[in-house]
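With mmCIF, C-alpha atoms inside, this is target.cif:
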data_upload
#
loop_
_atom_site.label_atom_id
_atom_site.label_comp_id
_atom_site.auth_asym_id
_atom_site.auth_seq_id
_atom_site.Cartn_x
_atom_site.Cartn_y
_atom_site.Cartn_z
CA GLN A 1 97.62 99.20 100.73
CA VAL A 2 95.72 96.16 101.92
CA GLN A 3 93.85 94.27 99.21
CA LEU A 4 91.36 91.48 99.85
CA VAL A 5 90.03 88.97 97.34
CA GLU A 6 87.21 86.60 98.31
CA SER A 7 86.33 83.33 96.64
CA GLY A 8 84.29 80.22 97.28
CA GLY A 9 80.72 81.46 97.05
CA GLU A 10 78.28 79.33 95.07
CA LEU A 11 74.78 77.91 94.92
CA VAL A 12 74.27 75.14 97.46
CA GLN A 13 71.35 73.22 98.93
CA ALA A 14 70.15 73.80 102.46
CA GLY A 15 72.11 71.69 104.92
CA GLY A 16 75.26 71.82 102.83
CA SER A 17 78.63 73.36 103.59
CA LEU A 18 80.96 75.90 102.01
CA ARG A 19 84.36 77.32 102.73
CA LEU A 20 84.93 80.93 101.75
CA SER A 21 88.47 82.20 101.29
CA CYS A 22 89.91 85.69 101.55
CA THR A 23 93.43 86.19 100.25
CA VAL A 24 95.23 89.19 101.72
CA SER A 25 97.94 91.15 99.95
CA GLY A 26 99.83 94.31 100.82
CA CYS A 27 100.16 93.42 104.49
CA THR A 28 100.96 90.44 106.63
CA LEU A 29 97.95 88.71 108.09
CA ASN A 30 99.28 88.76 111.65
CA SER A 31 99.01 92.56 111.72
CA LEU A 32 95.33 92.61 110.85
CA GLY A 33 92.07 92.00 112.62
CA MET A 34 89.84 90.19 110.12
CA GLY A 35 86.12 89.88 109.71
CA TRP A 36 83.42 88.44 107.52
CA PHE A 37 80.26 90.39 106.82
CA ARG A 38 77.24 89.60 104.70
CA GLN A 39 74.57 91.64 103.00
CA ALA A 40 71.29 90.30 101.71
CA PRO A 41 69.16 92.29 99.23
CA GLY A 42 67.40 95.17 100.96
CA LYS A 43 69.23 94.61 104.25
CA GLU A 44 72.12 96.26 106.02
CA ARG A 45 75.58 94.74 106.01
CA GLU A 46 75.83 92.37 108.97
CA CYS A 47 78.94 91.21 110.82
CA VAL A 48 78.97 87.42 111.10
CA ALA A 49 82.49 86.56 112.26
CA VAL A 50 85.63 88.34 113.46
CA ILE A 51 89.04 87.28 114.69
CA THR A 52 91.35 89.68 116.45
CA ARG A 53 94.87 90.35 115.28
CA ASN A 54 96.48 88.08 117.87
CA GLY A 55 93.74 85.49 117.51
CA GLY A 56 92.88 85.78 121.16
CA ARG A 57 89.24 86.56 120.63
CA THR A 58 86.58 85.65 118.09
CA TYR A 59 83.08 86.93 117.50
CA TYR A 60 80.12 85.21 115.88
CA SER A 61 76.67 86.66 115.43
CA ASP A 62 73.87 84.78 117.13
CA SER A 63 72.45 83.76 113.76
CA VAL A 64 75.61 81.83 112.79
CA LYS A 65 77.05 80.72 116.12
CA GLY A 66 77.81 77.00 116.07
CA ARG A 67 77.65 76.82 112.26
CA PHE A 68 80.34 79.27 111.07
CA THR A 69 84.04 79.17 111.90
CA ILE A 70 86.64 81.81 111.06
CA SER A 71 90.26 80.72 110.72
CA ARG A 72 93.57 81.90 109.32
CA ASP A 73 96.49 80.40 107.40
CA PHE A 74 99.49 82.66 107.91
CA ALA A 75 101.62 80.79 105.36
CA LYS A 76 99.02 81.54 102.69
CA ASN A 77 98.04 84.96 104.10
CA THR A 78 94.46 83.77 103.82
CA VAL A 79 91.40 83.92 106.04
CA TYR A 80 88.64 81.33 105.80
CA LEU A 81 85.00 81.15 106.75
CA GLN A 82 83.76 77.60 107.12
CA ILE A 83 79.97 77.52 106.81
CA ASN A 84 78.07 74.40 107.82
CA SER A 85 74.38 73.52 107.99
CA LEU A 86 73.52 76.22 105.48
CA LYS A 87 70.06 77.76 105.62
CA PRO A 88 68.18 79.74 102.96
CA GLU A 89 68.48 82.80 105.20
CA ASP A 90 72.27 82.60 104.82
CA THR A 91 71.84 83.74 101.21
CA ALA A 92 73.82 86.96 100.80
CA VAL A 93 76.93 88.52 99.38
CA TYR A 94 79.76 87.76 101.80
CA TYR A 95 82.51 90.31 102.28
CA CYS A 96 85.93 89.96 103.83
CA ALA A 97 87.19 92.95 105.83
CA ALA A 98 90.42 94.01 107.51
CA THR A 99 91.25 96.56 110.16
CA LEU A 100 94.03 99.06 109.81
CA PRO A 101 97.38 97.34 110.40
CA TRP A 102 98.20 96.86 114.08
CA ARG A 103 94.84 98.25 115.14
CA ASN A 104 93.11 96.36 117.91
CA ILE A 105 89.38 95.83 117.75
CA TYR A 106 87.08 95.64 120.76
CA TRP A 107 83.45 94.85 121.26
CA ASP A 108 81.05 94.15 124.11
CA THR A 109 77.31 93.59 123.87
CA VAL A 110 77.30 95.27 120.48
CA GLY A 111 79.41 93.29 118.08
CA PRO A 112 81.99 94.60 115.63
CA GLN A 113 80.73 97.22 113.20
CA VAL A 114 81.45 98.17 109.60
CA ALA A 115 83.30 101.25 110.84
CA ASP A 116 85.83 99.06 112.66
CA PHE A 117 87.26 97.90 109.32
CA SER A 118 89.12 99.91 106.72
CA SER A 119 89.65 97.48 103.82
CA TRP A 120 87.04 95.42 102.02
CA GLY A 121 86.92 92.77 99.35
CA GLN A 122 84.59 92.79 96.39
CA GLY A 123 82.30 90.13 97.84
CA THR A 124 81.33 86.60 96.90
CA GLN A 125 77.74 85.41 96.41
CA VAL A 126 76.37 82.58 98.52
CA THR A 127 72.95 81.29 97.53
CA VAL A 128 71.20 78.58 99.52
CA SER A 129 68.26 76.76 97.94
CA SER A 130 65.57 75.15 100.08
#

If you took the structure in this file and wrote it as structure tokens, what would it be?
Amino acid sequence: QVQLVESGGELVQAGGSLRLSCTVSGCTLNSLGMGWFRQAPGKERECVAVITRNGGRTYYSDSVKGRFTISRDFAKNTVYLQINSLKPEDTAVYYCAATLPWRNIYWDTVGPQVADFSSWGQGTQVTVSS
């Protein structure tokens, strides 16, 4: 069973940076497609970044493109989300998500969806003050 634990969320000022971490257990990272989602109060969960299992393709939502970077450390079985130039509208709970092992994920004009992922972390709060 895949388990995901996020960390790194905190209160930061606009323009600042954060690095969120997601430690994976129960499965090796190279068998999983990984994603980061966020959910602000009263809004639907939104996909912000995804990396495919083989690392050959990444996805970023238009709202974060150029500011967020998803990366992996296989030795630590950990996925990261580097967030730069934070904006108040980035305030949300950020969730790490994993596909089923060895499952490929595809997307076209519509980005990855919640249903593409089968395992979720508990979330970490990011709050950006103006």

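Under the PyMOL selection byres ((chain A and resi 99) around 7), the matching residues in the shown file are Leu32, Gly33, Met34, Ala97, Ala98, Leu100, Pro101, Arg103, Asp116, Phe117, Ser118 and Ser119 of chain A.
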
What's around A:Leu29 at 10 Å? Count only C-alpha atoms, leave out sequence neighbours fewer than 6 positions away in its own chain, and write the answer as a PyMOL selection string.
chain A and resi 2+23+53-54+72-79+98+101

Go through the shown structure with the PyMOL selection byres ((chain A and resi 81-94) around 8) and write out the matching residues as a PyMOL selection string.
chain A and resi 9+13-21+36-41+67-71+79-80+95-96+123-130

Can you work out the spacing between atom CA of A:Tyr60 and atom CA of A:Leu4 in Å, to one decimal?
20.6 Å

List, as number ranges by chain, every residue that the PyMOL selection byres ((chain A and resi 61) around 7) selects in the file provided.
A: 47-49, 59-60, 62-65

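Atom pair atom CA of A:Cys22 / atom CA of A:Val5: separated by 5.3 Å.
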
Å distance separating atom CA of A:Val114 from atom CA of A:Thr28, one decimal place
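Interatomic distance, atom CA of A:Val114 to atom CA of A:Thr28: 21.2 Å.
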
Would you place a box with edges along x, y and z of the file around all atoms of stretch 40-44 of chain A listed there, add 4 Å to each of its six sides, and report the centre and edge lengths in Å to one decimal, as JSON?
{"center_x": 69.8, "center_y": 93.3, "center_z": 102.6, "size_x": 12.7, "size_y": 14.0, "size_z": 14.8}

For A:Asp108, work out the shell of residues within 12 Å, counting all atoms listed in the file and skipping chain neighbours fewer than 5 positions away, then give it as a list in words.
Arg57, Thr58, Tyr59 and Gln113 of chain A

Block slice stretch 76-104 of chain A, N, CA, C and O atoms, emitted as an mmCIF file, in the first residue's frame:
data_model
loop_
_atom_site.group_PDB
_atom_site.id
_atom_site.type_symbol
_atom_site.label_atom_id
_atom_site.label_comp_id
_atom_site.auth_asym_id
_atom_site.auth_seq_id
_atom_site.Cartn_x
_atom_site.Cartn_y
_atom_site.Cartn_z
ATOM 1 N N LYS A 76 15.952 9.058 -1.863
ATOM 2 C CA LYS A 76 15.140 9.370 -0.684
ATOM 3 C C LYS A 76 13.674 8.986 -0.876
ATOM 4 O O LYS A 76 12.867 9.178 0.043
ATOM 5 N N ASN A 77 13.329 8.482 -2.060
ATOM 6 C CA ASN A 77 11.928 8.140 -2.366
ATOM 7 C C ASN A 77 11.003 9.320 -2.069
ATOM 8 O O ASN A 77 9.932 9.163 -1.447
ATOM 9 N N THR A 78 11.431 10.476 -2.495
ATOM 10 C CA THR A 78 10.743 11.723 -2.158
ATOM 11 C C THR A 78 10.505 12.564 -3.412
ATOM 12 O O THR A 78 11.370 12.625 -4.287
ATOM 13 N N VAL A 79 9.357 13.185 -3.445
ATOM 14 C CA VAL A 79 8.990 14.117 -4.509
ATOM 15 C C VAL A 79 8.933 15.514 -3.909
ATOM 16 O O VAL A 79 8.462 15.689 -2.778
ATOM 17 N N TYR A 80 9.379 16.487 -4.683
ATOM 18 C CA TYR A 80 9.407 17.866 -4.203
ATOM 19 C C TYR A 80 8.565 18.767 -5.099
ATOM 20 O O TYR A 80 8.381 18.489 -6.288
ATOM 21 N N LEU A 81 8.086 19.844 -4.522
ATOM 22 C CA LEU A 81 7.470 20.918 -5.294
ATOM 23 C C LEU A 81 8.137 22.214 -4.854
ATOM 24 O O LEU A 81 7.916 22.688 -3.739
ATOM 25 N N GLN A 82 8.977 22.748 -5.722
ATOM 26 C CA GLN A 82 9.617 24.024 -5.467
ATOM 27 C C GLN A 82 8.676 25.125 -5.922
ATOM 28 O O GLN A 82 8.229 25.121 -7.080
ATOM 29 N N ILE A 83 8.367 26.040 -5.020
ATOM 30 C CA ILE A 83 7.415 27.117 -5.311
ATOM 31 C C ILE A 83 8.146 28.451 -5.153
ATOM 32 O O ILE A 83 8.608 28.780 -4.056
ATOM 33 N N ASN A 84 8.214 29.194 -6.214
ATOM 34 C CA ASN A 84 8.870 30.506 -6.183
ATOM 35 C C ASN A 84 7.860 31.609 -6.480
ATOM 36 O O ASN A 84 6.767 31.351 -6.983
ATOM 37 N N SER A 85 8.237 32.825 -6.162
ATOM 38 C CA SER A 85 7.396 33.998 -6.443
ATOM 39 C C SER A 85 5.959 33.780 -5.963
ATOM 40 O O SER A 85 4.994 33.967 -6.717
ATOM 41 N N LEU A 86 5.841 33.392 -4.717
ATOM 42 C CA LEU A 86 4.527 33.069 -4.162
ATOM 43 C C LEU A 86 3.577 34.251 -4.222
ATOM 44 O O LEU A 86 3.986 35.407 -4.014
ATOM 45 N N LYS A 87 2.317 33.947 -4.483
ATOM 46 C CA LYS A 87 1.251 34.941 -4.552
ATOM 47 C C LYS A 87 0.172 34.589 -3.531
ATOM 48 O O LYS A 87 -0.001 33.416 -3.186
ATOM 49 N N PRO A 88 -0.576 35.570 -3.056
ATOM 50 C CA PRO A 88 -1.661 35.255 -2.113
ATOM 51 C C PRO A 88 -2.635 34.204 -2.657
ATOM 52 O O PRO A 88 -3.153 33.388 -1.892
ATOM 53 N N GLU A 89 -2.844 34.189 -3.967
ATOM 54 C CA GLU A 89 -3.757 33.216 -4.545
ATOM 55 C C GLU A 89 -3.192 31.795 -4.566
ATOM 56 O O GLU A 89 -3.892 30.849 -4.940
ATOM 57 N N ASP A 90 -1.944 31.631 -4.167
ATOM 58 C CA ASP A 90 -1.383 30.284 -3.997
ATOM 59 C C ASP A 90 -1.776 29.661 -2.657
ATOM 60 O O ASP A 90 -1.476 28.488 -2.412
ATOM 61 N N THR A 91 -2.419 30.438 -1.801
ATOM 62 C CA THR A 91 -2.839 29.930 -0.497
ATOM 63 C C THR A 91 -3.819 28.773 -0.666
ATOM 64 O O THR A 91 -4.839 28.902 -1.338
ATOM 65 N N ALA A 92 -3.473 27.634 -0.081
ATOM 66 C CA ALA A 92 -4.285 26.424 -0.224
ATOM 67 C C ALA A 92 -3.654 25.304 0.596
ATOM 68 O O ALA A 92 -2.520 25.429 1.078
ATOM 69 N N VAL A 93 -4.396 24.222 0.730
ATOM 70 C CA VAL A 93 -3.804 22.977 1.219
ATOM 71 C C VAL A 93 -3.249 22.248 0.000
ATOM 72 O O VAL A 93 -3.958 22.058 -0.995
ATOM 73 N N TYR A 94 -1.985 21.853 0.084
ATOM 74 C CA TYR A 94 -1.325 21.172 -1.024
ATOM 75 C C TYR A 94 -1.241 19.677 -0.724
ATOM 76 O O TYR A 94 -0.808 19.272 0.366
ATOM 77 N N TYR A 95 -1.662 18.894 -1.706
ATOM 78 C CA TYR A 95 -1.703 17.451 -1.568
ATOM 79 C C TYR A 95 -0.764 16.782 -2.564
ATOM 80 O O TYR A 95 -0.723 17.160 -3.743
ATOM 81 N N CYS A 96 -0.080 15.770 -2.098
ATOM 82 C CA CYS A 96 0.723 14.915 -2.949
ATOM 83 C C CYS A 96 -0.144 13.726 -3.360
ATOM 84 O O CYS A 96 -0.963 13.239 -2.558
ATOM 85 N N ALA A 97 0.041 13.254 -4.595
ATOM 86 C CA ALA A 97 -0.765 12.143 -5.088
ATOM 87 C C ALA A 97 0.084 11.215 -5.940
ATOM 88 O O ALA A 97 1.035 11.652 -6.591
ATOM 89 N N ALA A 98 -0.289 9.934 -5.934
ATOM 90 C CA ALA A 98 0.432 8.927 -6.707
ATOM 91 C C ALA A 98 -0.542 8.085 -7.517
ATOM 92 O O ALA A 98 -1.661 7.794 -7.056
ATOM 93 N N THR A 99 -0.104 7.683 -8.697
ATOM 94 C CA THR A 99 -0.905 6.762 -9.488
ATOM 95 C C THR A 99 -0.776 5.353 -8.931
ATOM 96 O O THR A 99 0.039 5.095 -8.048
ATOM 97 N N LEU A 100 -1.544 4.448 -9.473
ATOM 98 C CA LEU A 100 -1.300 3.038 -9.193
ATOM 99 C C LEU A 100 0.091 2.682 -9.705
ATOM 100 O O LEU A 100 0.538 3.245 -10.715
ATOM 101 N N PRO A 101 0.786 1.758 -9.049
ATOM 102 C CA PRO A 101 2.114 1.371 -9.526
ATOM 103 C C PRO A 101 2.097 0.904 -10.980
ATOM 104 O O PRO A 101 1.212 0.150 -11.388
ATOM 105 N N TRP A 102 3.067 1.397 -11.735
ATOM 106 C CA TRP A 102 3.281 1.017 -13.127
ATOM 107 C C TRP A 102 2.167 1.480 -14.056
ATOM 108 O O TRP A 102 2.109 1.060 -15.216
ATOM 109 N N ARG A 103 1.302 2.355 -13.566
ATOM 110 C CA ARG A 103 0.257 2.904 -14.416
ATOM 111 C C ARG A 103 0.762 4.167 -15.086
ATOM 112 O O ARG A 103 1.264 5.062 -14.422
ATOM 113 N N ASN A 104 0.598 4.231 -16.393
ATOM 114 C CA ASN A 104 0.978 5.441 -17.115
ATOM 115 C C ASN A 104 -0.168 6.444 -17.068
ATOM 116 O O ASN A 104 -1.337 6.080 -16.996
#
